[in-house]
Amino acid sequence: MSVLVYVNAPEGKIAKAAYEAVYYASKIAEKEGGDVHVVTYGSVSDDSLAELGQYGASKVMVCRELSEENDQKLTAIVAAAREKCGAKVIVFSFDPSGKVVAPRLSAKLKAGLVSGATSVPEIDGARFSIRTNVFSGKAFATYQVETEIKIISLMPNSLKPEKSDKKAEVESLSPSLPEAGLKVVERKRQSGDGIPLPEAELVVSAGRGLKGPENWGIVEELAEALGAATACSRPVSDIGWRPHHEHVGQTGIAIRPNLYIAAGISGAIQHLAGVNNSKTIVVINTDPEAPFFKAADYGIVGDAFEVLPKLTEAVKKFKASN
Amino acid sequence: MKILVCISKVPDTTTKISFTDNDTKFNEDKVQFIVNPYDEWYALVRGLELKEAQGGSVSILSVGGADYDPIIRKALAIGADDAIRINAEPKDAYYTASQIAAFAKDKGYDLILFGKETIDYNGAQVGGMVAELLDLPYVSIASKLEVSDGLARVERDVQAGKEVLEGKLPLVISCAKGMAEQRIPNMRGIMAARTKPLKVEEAAEVEALVGIEKYSLPPAKGDVKLIDPENAEELIDLLHNEAKVI
């Protein structure tokens, strides 16, 4: 079964989630015997695209005529690529670009779409089932896809790609494109070169226990020492101490890093929903009764203002000796 | 401006999730249902703000059974003018999107607004599907929306930050934080909502594309291992040697 993967490479840079999607597609193709094809657009270099071979892609189709992320044109490009390679499964990353193109394509092709997949589908004859996160991380659902063409949006950080030394063949794709209804008129880059939160493997997060935005230095220092992204609880983003895009929880973003360190967050059920798929959770709180300790693997009952700097020192020492 | 806001019914954010019928159905027993927060806080309130500033109307659309009426009344209490409920059990995103598209097709809406996702199935699918079915442009995860002279200016999340897009109405937009601030309905709104029109329409024949066969809950965590606050190095050692995450 051939599998097609949509790779978004804004400004020529392929995101970590895209490598995961290609590798995930190779796991599906492996099951049934078939190739992994990639479709992308824009100015990303042929060399970078050929490197997708390391993650299991055999062929990459790139549409150079499109330079901005347009919903209608991208839907046409992915549909044309699918037509060309005959793939029966199409994989997206469950990221902002995937959330635009996958649903459009699903409706266009009448192909069942499962969002937020966390594991490789089980395929047994006509049965095709996929596990996903539902209820904002509070539960899992196993979906059954009934249609001939199937679309899967993969949750970032759901699997760890292994690399080979293969190279993918790169060819251009120039389908006829519809008029764009929308045009990009301005781009705002996220401040700093921090790691995007949904992709981060390590996350340091803090809440109201930090008492004020001026105290975030100790959070950022630990994050920097670890190479982690920073996050926060909802109250903290609501009162404007931290930007909205850092808010994790049921009405923020759901993340699944390998390590989530939470300081000064009590652990309301809504916050837990967004983080309880983290592999390891460390909770630092002055209140030993904080509900978050029940969801934690490791806990420190103590003052974040004292504990965080100590952790930063310990991390630096650890990094220096490893 | 003629605005359609699509809302979904979801369990309250504090709900403890459980399942029945051999883990094939969500257990609704004692569950408090609410308007999906993204639909209410951002899509509906931004729709109302635009109407208040520029005139026009805000209609609510839901696909669901009579059990949706309380949340539809809530949206009317917040300020929407009227509501339509398409009388059908929402089977999957494509089914729901097809019902919305079939209804909205000839109605001349300038904006069709959604929340960025529902907090129950988190699919982030219905808005994009409606846009495709109606052949309209779609902006997902929008955090700002301004409209003047039939031209919309929308800010959206992308991988590397944010982008501002421009496009002519009509548009389909899914709304996220930043778009507007939550409004609490007042007593007058609640009273008025009782008599605002809520029309029930029959559903179109559509087949679902996916179905859920089973639910499960994450495995329970073992007991937390407590570390002395003076002993930060022990934690780092455990994270490296035991949890193997650093």
# chains A, B, ... in the order shown; residues from 1 in each chain; ligands from 1
call {"tool": "select_by_dssp", "arguments": {"residues": "range 47-283 of chain A", "states": "strand (DSSP E)", "output": "PyMOL selection string"}}
result
chain A and resi 59-63+89-93+112-117+122-124+127-134+139-145+150-154+169-172+182-189+202-206+229-232+259-263+280-283
call {"tool": "residues_around", "arguments": {"residues": "Val5 in chain B", "least_positions_apart": "2", "cutoff": "8 Å", "atoms": "only C-alpha atoms", "output": "MDAnalysis selection string"}}
result
chainID B and resid 3 7 39 43:44 47 58:61 112:114
call {"tool": "write_last_selection", "arguments": {"atoms": "C-alpha atoms", "output": "CSV table (one decimal), in the first residue's frame"}}
result
chain,number,residue,atom,x,y,z
B,3,ILE,CA,-22.8,35.8,10.1
B,7,ILE,CA,-21.6,25.6,17.9
B,39,ASP,CA,-17.2,28.3,19.7
B,43,ALA,CA,-16.4,32.5,17.3
B,44,LEU,CA,-19.7,33.7,18.8
B,47,GLY,CA,-19.3,37.5,15.4
B,58,VAL,CA,-25.6,36.5,13.9
B,59,SER,CA,-27.3,33.1,13.6
B,60,ILE,CA,-26.4,30.0,15.5
B,61,LEU,CA,-26.3,26.6,13.8
B,112,ILE,CA,-19.2,31.1,8.8
B,113,LEU,CA,-17.4,30.9,12.1
B,114,PHE,CA,-16.3,27.9,14.2
call {"tool": "closest_residue", "arguments": {"among": "B:Met129, B:Leu217, B:Ile78, B:Ala192", "to": "Val101 in chain A", "atoms": "only C-alpha atoms"}}
result
B:Met129
call {"tool": "interface_residues", "arguments": {"of": "chain B", "to": "chain A", "cutoff": "6 Å", "atoms": "only C-alpha atoms", "output": "PyMOL selection string"}}
result
chain B and resi 119-121+123+125+128-129+132+137+140+158+160-167+209-217+224-227+229+232-233+245
call {"tool": "residues_around", "arguments": {"residues": "Asp12 in chain B", "least_positions_apart": "2", "cutoff": "7 Å", "atoms": "only C-alpha atoms", "output": "PyMOL selection string"}}
result
chain B and resi 10+14-15+32-34
call {"tool": "residues_around", "arguments": {"residues": "Ala88 in chain B", "least_positions_apart": "5", "cutoff": "12 Å", "atoms": "only C-alpha atoms", "output": "list of chain:residue names"}}
result
B:Ser62, B:Val63, B:Gly64, B:Gly65, B:Ala66, B:Asp67, B:Tyr68, B:Tyr95, B:Thr96, B:Ser98, B:Gln99, B:Ile100, B:Val200, B:Glu201, B:Glu202, B:Ala203, B:Ala204, B:Glu205, B:Val206
call {"tool": "select_by_dssp", "arguments": {"residues": "range 100-214 of chain B", "states": "helix (DSSP H, G or I)", "output": "mmCIF file with C-alpha atoms, in the first residue's frame"}}
result
data_model
loop_
_atom_site.group_PDB
_atom_site.id
_atom_site.type_symbol
_atom_site.label_atom_id
_atom_site.label_comp_id
_atom_site.auth_asym_id
_atom_site.auth_seq_id
_atom_site.Cartn_x
_atom_site.Cartn_y
_atom_site.Cartn_z
ATOM 1 C CA ILE B 100 -23.862 22.586 7.745
ATOM 2 C CA ALA B 101 -22.824 23.008 4.098
ATOM 3 C CA ALA B 102 -26.194 21.787 2.803
ATOM 4 C CA PHE B 103 -27.979 24.309 5.005
ATOM 5 C CA ALA B 104 -25.641 27.275 4.425
ATOM 6 C CA VAL B 126 -15.512 20.504 10.510
ATOM 7 C CA GLY B 127 -14.593 24.081 9.503
ATOM 8 C CA GLY B 128 -12.164 23.012 6.784
ATOM 9 C CA MET B 129 -14.631 20.467 5.444
ATOM 10 C CA VAL B 130 -17.433 23.053 5.258
ATOM 11 C CA ALA B 131 -15.093 25.420 3.398
ATOM 12 C CA GLU B 132 -14.261 22.720 0.862
ATOM 13 C CA LEU B 133 -17.882 21.654 0.412
ATOM 14 C CA LEU B 134 -18.905 25.278 -0.210
ATOM 15 C CA MET B 187 -30.574 38.333 32.983
ATOM 16 C CA ARG B 188 -32.085 40.356 30.125
ATOM 17 C CA GLY B 189 -30.240 38.231 27.591
ATOM 18 C CA ILE B 190 -31.415 35.037 29.258
ATOM 19 C CA MET B 191 -35.041 36.239 29.264
ATOM 20 C CA ALA B 192 -34.854 37.384 25.649
ATOM 21 C CA ALA B 193 -33.308 34.062 24.572
ATOM 22 C CA ARG B 194 -36.481 32.212 25.553
ATOM 23 C CA THR B 195 -38.471 33.848 22.785
#
call {"tool": "atom_distance", "arguments": {"atom1": "CA of Lys167 in chain A", "atom2": "CA of Glu51 in chain A"}}
result
5.6 Å
call {"tool": "decode", "arguments": {"residues": "range 203-234 of chain A", "atoms": "C-alpha atoms", "output": "PDB file, in the first residue's frame"}}
result
ATOM      1  CA  VAL A 203       9.050  21.306  28.553  1.00  0.00           C
ATOM      2  CA  VAL A 204       9.411  23.496  31.640  1.00  0.00           C
ATOM      3  CA  SER A 205       6.126  25.033  32.715  1.00  0.00           C
ATOM      4  CA  ALA A 206       5.045  27.353  35.492  1.00  0.00           C
ATOM      5  CA  GLY A 207       1.878  28.759  36.985  1.00  0.00           C
ATOM      6  CA  ARG A 208       0.551  31.319  39.412  1.00  0.00           C
ATOM      7  CA  GLY A 209       2.934  30.045  42.082  1.00  0.00           C
ATOM      8  CA  LEU A 210       5.613  32.136  40.362  1.00  0.00           C
ATOM      9  CA  LYS A 211       3.767  35.242  41.612  1.00  0.00           C
ATOM     10  CA  GLY A 212       4.521  37.517  38.657  1.00  0.00           C
ATOM     11  CA  PRO A 213       5.882  37.683  35.096  1.00  0.00           C
ATOM     12  CA  GLU A 214       9.099  39.294  36.345  1.00  0.00           C
ATOM     13  CA  ASN A 215       9.993  35.997  38.042  1.00  0.00           C
ATOM     14  CA  TRP A 216      10.049  33.888  34.869  1.00  0.00           C
ATOM     15  CA  GLY A 217      13.827  34.173  34.564  1.00  0.00           C
ATOM     16  CA  ILE A 218      14.337  31.086  36.737  1.00  0.00           C
ATOM     17  CA  VAL A 219      11.918  29.117  34.515  1.00  0.00           C
ATOM     18  CA  GLU A 220      13.660  30.205  31.332  1.00  0.00           C
ATOM     19  CA  GLU A 221      17.102  29.460  32.769  1.00  0.00           C
ATOM     20  CA  LEU A 222      16.137  25.880  33.582  1.00  0.00           C
ATOM     21  CA  ALA A 223      14.548  25.501  30.144  1.00  0.00           C
ATOM     22  CA  GLU A 224      17.670  26.851  28.482  1.00  0.00           C
ATOM     23  CA  ALA A 225      19.955  24.552  30.465  1.00  0.00           C
ATOM     24  CA  LEU A 226      17.824  21.553  29.452  1.00  0.00           C
ATOM     25  CA  GLY A 227      17.183  22.685  25.880  1.00  0.00           C
ATOM     26  CA  ALA A 228      13.477  22.713  26.705  1.00  0.00           C
ATOM     27  CA  ALA A 229      10.509  24.815  25.595  1.00  0.00           C
ATOM     28  CA  THR A 230       8.595  26.906  28.114  1.00  0.00           C
ATOM     29  CA  ALA A 231       4.882  26.621  28.832  1.00  0.00           C
ATOM     30  CA  CYS A 232       2.386  27.947  31.348  1.00  0.00           C
ATOM     31  CA  SER A 233      -1.016  27.345  32.926  1.00  0.00           C
ATOM     32  CA  ARG A 234      -4.204  29.046  31.785  1.00  0.00           C
TER      33      ARG A 234
END
